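Asker: First the structure, then my questions, so here it is.
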Amino acid sequence: GLSSRWRTSVVCMILAQAARGLRSPGARILGSFSGVQLAPRFCRGRPVPPRVAVAAHDGDEGRMSSLKNKRSVLNEMSQKNGIAAPEYKEVLRTGPIHEPKFQYTVAFGGVEARGGSQSTKSLAMEAAAQAWYEGNGGLGPSNPRSLEEAVAETSQKDEADLAQTGTLVLVDLDNMPKCLLSLDSFMRETEDHGVCEVIAYSSMSYNPSHPMPAYVEYRRANSMDRDAADILMVFETGLMLTELIAPHRRVKSVVVVSKDHFATRLKEILQSKGVDAHHVCNYQDLGSVLGLAAGSWRS
């Protein structure tokens, strides 16, 4: 972790560089370091019932060489698109105790697939991943669709709606990974929630446990260091500063959701620039702070 003093200096520097429009060498270097990958907006806020994909045929282990990378492919797709990781489940075990055969299913992106029987659990999970890849929800030659299309077909339709104007919510997923679940629940239960935009940040080390709501803009820093996501959030906030203080702005207030000390300093700097900014560091206070933010610009 970084010291509090160092973090404060970084926050100030990043906001200043971003406000100047990426013209200085330091800002360009920082932009390169904390590069972003934006996930498509197809994920939904709640798990969806799986469909069953075409099962892979039983076969000898020699054929498993073609399966060796499919589990990795699914994991990479999960991290890239910000959706829940594949879930493998043993569904059948046959044969004698000294020479068992295993069969697994995998659920991913709202699609479930069953693999053929294999001599080890690892190979059985690979077979399931292969079945998913080539099956009804997969991306193989038998069904060349995108993951976005596969998930969209089975997604929930009753997600929360964003307001036209109101509060921008900035979320640090690395240290508050369940925040999006709490936020989505609040927005569903509160008709006039006032949230107009949600941007979630994470490092490469973040592994989502639940699908993200479709309205979330996902930013992923190109680093395993969690501080990279913090820097990216501050940097992009600096780029938005002109918009945040415009007379007829769409965003009326900003709520930063993070347990890190940098979030407090970011809130203070935004407030010094005339932005109605708030900071949340626990799940319990999220709803009340969002209500406070909405009340401040409605009054």
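Just so we're on the same page: first chain in the structure tokens is A, next is B, and so on; residues restart at 1 for each chain, and ligands are numbered from 1 in the order they show up.
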Would you give me, as an mmCIF file with N, CA, C and O atoms, in the first residue's frame, the residues in region 213-248 of chain A that DSSP reads as helix (DSSP H, G or I)?
Answerer:
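What ended up in result_22.cif:
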```
data_model
loop_
_atom_site.group_PDB
_atom_site.id
_atom_site.type_symbol
_atom_site.label_atom_id
_atom_site.label_comp_id
_atom_site.auth_asym_id
_atom_site.auth_seq_id
_atom_site.Cartn_x
_atom_site.Cartn_y
_atom_site.Cartn_z
ATOM 1 N N ARG A 226 -3.641 -3.146 -6.944
ATOM 2 C CA ARG A 226 -4.929 -2.504 -6.696
ATOM 3 C C ARG A 226 -4.861 -0.988 -6.755
ATOM 4 O O ARG A 226 -5.854 -0.308 -7.033
ATOM 5 N N ASP A 227 -3.683 -0.437 -6.462
ATOM 6 C CA ASP A 227 -3.537 1.017 -6.519
ATOM 7 C C ASP A 227 -3.742 1.541 -7.937
ATOM 8 O O ASP A 227 -4.094 2.704 -8.128
ATOM 9 N N ALA A 228 -3.521 0.703 -8.960
ATOM 10 C CA ALA A 228 -3.699 1.140 -10.341
ATOM 11 C C ALA A 228 -5.149 1.505 -10.612
ATOM 12 O O ALA A 228 -5.437 2.465 -11.342
ATOM 13 N N ALA A 229 -6.094 0.768 -10.026
ATOM 14 C CA ALA A 229 -7.514 1.087 -10.198
ATOM 15 C C ALA A 229 -7.857 2.407 -9.520
ATOM 16 O O ALA A 229 -8.650 3.201 -10.051
ATOM 17 N N ASP A 230 -7.256 2.671 -8.353
ATOM 18 C CA ASP A 230 -7.484 3.939 -7.662
ATOM 19 C C ASP A 230 -6.979 5.102 -8.508
ATOM 20 O O ASP A 230 -7.651 6.132 -8.651
ATOM 21 N N ILE A 231 -5.793 4.938 -9.064
ATOM 22 C CA ILE A 231 -5.208 5.980 -9.902
ATOM 23 C C ILE A 231 -6.078 6.227 -11.127
ATOM 24 O O ILE A 231 -6.311 7.374 -11.523
ATOM 25 N N LEU A 232 -6.563 5.158 -11.716
ATOM 26 C CA LEU A 232 -7.412 5.290 -12.901
ATOM 27 C C LEU A 232 -8.703 6.037 -12.575
ATOM 28 O O LEU A 232 -9.150 6.890 -13.344
ATOM 29 N N MET A 233 -9.309 5.735 -11.431
ATOM 30 C CA MET A 233 -10.530 6.441 -11.024
ATOM 31 C C MET A 233 -10.277 7.935 -10.857
ATOM 32 O O MET A 233 -11.030 8.772 -11.361
ATOM 33 N N VAL A 234 -9.195 8.271 -10.159
ATOM 34 C CA VAL A 234 -8.866 9.674 -9.943
ATOM 35 C C VAL A 234 -8.564 10.371 -11.261
ATOM 36 O O VAL A 234 -9.004 11.502 -11.518
ATOM 37 N N PHE A 235 -7.824 9.695 -12.120
ATOM 38 C CA PHE A 235 -7.441 10.266 -13.404
ATOM 39 C C PHE A 235 -8.670 10.585 -14.260
ATOM 40 O O PHE A 235 -8.803 11.675 -14.810
ATOM 41 N N GLU A 236 -9.596 9.634 -14.358
ATOM 42 C CA GLU A 236 -10.787 9.862 -15.177
ATOM 43 C C GLU A 236 -11.719 10.890 -14.546
ATOM 44 O O GLU A 236 -12.405 11.627 -15.259
ATOM 45 N N THR A 237 -11.732 10.959 -13.219
ATOM 46 C CA THR A 237 -12.521 12.003 -12.562
ATOM 47 C C THR A 237 -11.985 13.387 -12.907
ATOM 48 O O THR A 237 -12.748 14.330 -13.129
ATOM 49 N N GLY A 238 -10.649 13.494 -12.973
ATOM 50 C CA GLY A 238 -10.057 14.760 -13.390
ATOM 51 C C GLY A 238 -10.442 15.139 -14.804
ATOM 52 O O GLY A 238 -10.703 16.315 -15.100
ATOM 53 N N LEU A 239 -10.528 14.149 -15.692
ATOM 54 C CA LEU A 239 -10.949 14.422 -17.060
ATOM 55 C C LEU A 239 -12.392 14.905 -17.117
ATOM 56 O O LEU A 239 -12.763 15.658 -18.020
ATOM 57 N N LEU A 241 -13.842 16.756 -14.815
ATOM 58 C CA LEU A 241 -14.031 17.875 -13.907
ATOM 59 C C LEU A 241 -14.772 19.041 -14.553
ATOM 60 O O LEU A 241 -15.670 19.637 -13.942
ATOM 61 N N THR A 242 -14.427 19.365 -15.787
ATOM 62 C CA THR A 242 -15.104 20.467 -16.472
ATOM 63 C C THR A 242 -16.595 20.194 -16.601
ATOM 64 O O THR A 242 -17.429 21.079 -16.395
ATOM 65 N N GLU A 243 -16.933 18.965 -16.932
ATOM 66 C CA GLU A 243 -18.345 18.587 -17.051
ATOM 67 C C GLU A 243 -19.047 18.636 -15.700
ATOM 68 O O GLU A 243 -20.229 19.009 -15.608
ATOM 69 N N LEU A 244 -18.338 18.269 -14.630
ATOM 70 C CA LEU A 244 -18.943 18.198 -13.304
ATOM 71 C C LEU A 244 -19.258 19.564 -12.723
ATOM 72 O O LEU A 244 -20.085 19.664 -11.802
#
```
Asker: Skip Lys273 (chain A) itself and residues of its chain fewer than 4 positions away, then list as a CSV table (one decimal) with all heavy atoms, in the first residue's frame all residues within 9 Å of it, counting only C-alpha atoms.
Answerer:
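To be explicit, this is the file written out as result15.csv:
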```csv
chain,number,residue,atom,x,y,z
A,241,LEU,N,-13.8,16.8,-14.8
A,241,LEU,CA,-14.0,17.9,-13.9
A,241,LEU,C,-14.8,19.0,-14.6
A,241,LEU,O,-15.7,19.6,-13.9
A,241,LEU,CB,-12.7,18.3,-13.4
A,241,LEU,CG,-12.7,19.4,-12.2
A,241,LEU,CD1,-13.5,18.8,-11.1
A,241,LEU,CD2,-11.3,19.7,-11.8
A,245,ILE,N,-18.6,20.6,-13.2
A,245,ILE,CA,-18.8,22.0,-12.7
A,245,ILE,C,-19.5,22.9,-13.7
A,245,ILE,O,-19.7,24.1,-13.5
A,245,ILE,CB,-17.5,22.6,-12.2
A,245,ILE,CG1,-16.5,22.8,-13.4
A,245,ILE,CG2,-16.9,21.8,-11.1
A,245,ILE,CD1,-15.2,23.5,-13.0
A,268,GLU,N,-12.6,15.5,-1.0
A,268,GLU,CA,-12.3,16.9,-0.6
A,268,GLU,C,-11.9,17.8,-1.7
A,268,GLU,O,-12.2,19.0,-1.8
A,268,GLU,CB,-11.1,16.8,0.5
A,268,GLU,CG,-11.6,16.1,1.8
A,268,GLU,CD,-10.4,15.9,2.7
A,268,GLU,OE1,-9.2,16.0,2.2
A,268,GLU,OE2,-10.6,15.5,3.8
A,269,ILE,N,-11.1,17.2,-2.7
A,269,ILE,CA,-10.6,18.0,-3.8
A,269,ILE,C,-11.8,18.4,-4.7
A,269,ILE,O,-11.9,19.5,-5.2
A,269,ILE,CB,-9.6,17.2,-4.6
A,269,ILE,CG1,-8.3,17.1,-3.8
A,269,ILE,CG2,-9.3,18.0,-5.9
A,269,ILE,CD1,-7.2,16.2,-4.4
```
Asker: Got a sec: who's within 12 Å of Cys179 (chain A), counting only C-alpha atoms, leaving out chain neighbours fewer than 6 positions off, as a PyMOL selection string?
Answerer: chain A and resi 45+169-173+185-186+198-201+208-210+212-213+216+256-259+280-287
Asker: Write the residues of the preceding selection, restricted to C-alpha atoms, as an mmCIF file, in the first residue's frame.
Answerer:
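See part01.cif below for the written result:
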```cif
data_model
loop_
_atom_site.group_PDB
_atom_site.id
_atom_site.type_symbol
_atom_site.label_atom_id
_atom_site.label_comp_id
_atom_site.auth_asym_id
_atom_site.auth_seq_id
_atom_site.Cartn_x
_atom_site.Cartn_y
_atom_site.Cartn_z
ATOM 1 C CA GLY A 45 -27.515 -7.824 -12.042
ATOM 2 C CA VAL A 169 -21.434 6.746 -8.470
ATOM 3 C CA LEU A 170 -17.746 5.760 -8.649
ATOM 4 C CA VAL A 171 -17.074 2.271 -7.253
ATOM 5 C CA ASP A 172 -13.776 0.693 -6.172
ATOM 6 C CA LEU A 173 -14.458 -3.015 -6.761
ATOM 7 C CA SER A 185 -30.854 -3.523 -4.661
ATOM 8 C CA PHE A 186 -31.195 0.097 -3.526
ATOM 9 C CA VAL A 198 -22.330 4.174 -12.397
ATOM 10 C CA ILE A 199 -18.648 3.581 -13.191
ATOM 11 C CA ALA A 200 -16.860 0.645 -11.543
ATOM 12 C CA TYR A 201 -13.068 0.349 -11.345
ATOM 13 C CA PRO A 208 -16.258 -10.917 -10.205
ATOM 14 C CA SER A 209 -18.496 -13.264 -8.232
ATOM 15 C CA HIS A 210 -21.731 -11.969 -9.754
ATOM 16 C CA MET A 212 -22.653 -6.790 -13.326
ATOM 17 C CA PRO A 213 -25.820 -4.829 -14.083
ATOM 18 C CA VAL A 216 -22.511 -0.230 -15.112
ATOM 19 C CA VAL A 256 -17.180 7.737 -4.259
ATOM 20 C CA VAL A 257 -17.497 4.197 -2.869
ATOM 21 C CA SER A 258 -14.190 2.906 -1.496
ATOM 22 C CA LYS A 259 -12.451 1.942 1.745
ATOM 23 C CA VAL A 280 -19.011 5.882 1.337
ATOM 24 C CA CYS A 281 -16.731 3.298 2.956
ATOM 25 C CA ASN A 282 -19.221 0.585 3.998
ATOM 26 C CA TYR A 283 -22.228 -1.149 2.501
ATOM 27 C CA GLN A 284 -24.642 -0.150 5.269
ATOM 28 C CA ASP A 285 -24.319 3.598 4.582
ATOM 29 C CA LEU A 286 -24.644 3.405 0.797
ATOM 30 C CA GLY A 287 -28.400 3.991 0.634
#
```
Asker: So how many Å separate CA of Asn69 (chain A) and CA of Ala131 (chain A), to one decimal?
Answerer: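 CA of Asn69 (chain A) sits 12.6 Å away from CA of Ala131 (chain A).
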Asker: With distances taken over only C-alpha atoms, which residue among A:Ser205, A:Val111, A:Ser119, A:Phe262 lies nearest Pro96 (chain A)?
Answerer: A:Ser119
Asker: Any idea what the distance is between CA of Gly109 (chain A) and CA of Tyr215 (chain A)?
Answerer: 17.0 Å
Asker: Between A:Gly95, A:Gly166, A:Gly116, A:Pro211, which has the minimum distance to Trp132 (chain A) (counting only C-alpha atoms)?
Answerer: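 Looking at the shortest contact to Trp132 (chain A), the residue is A:Gly116.
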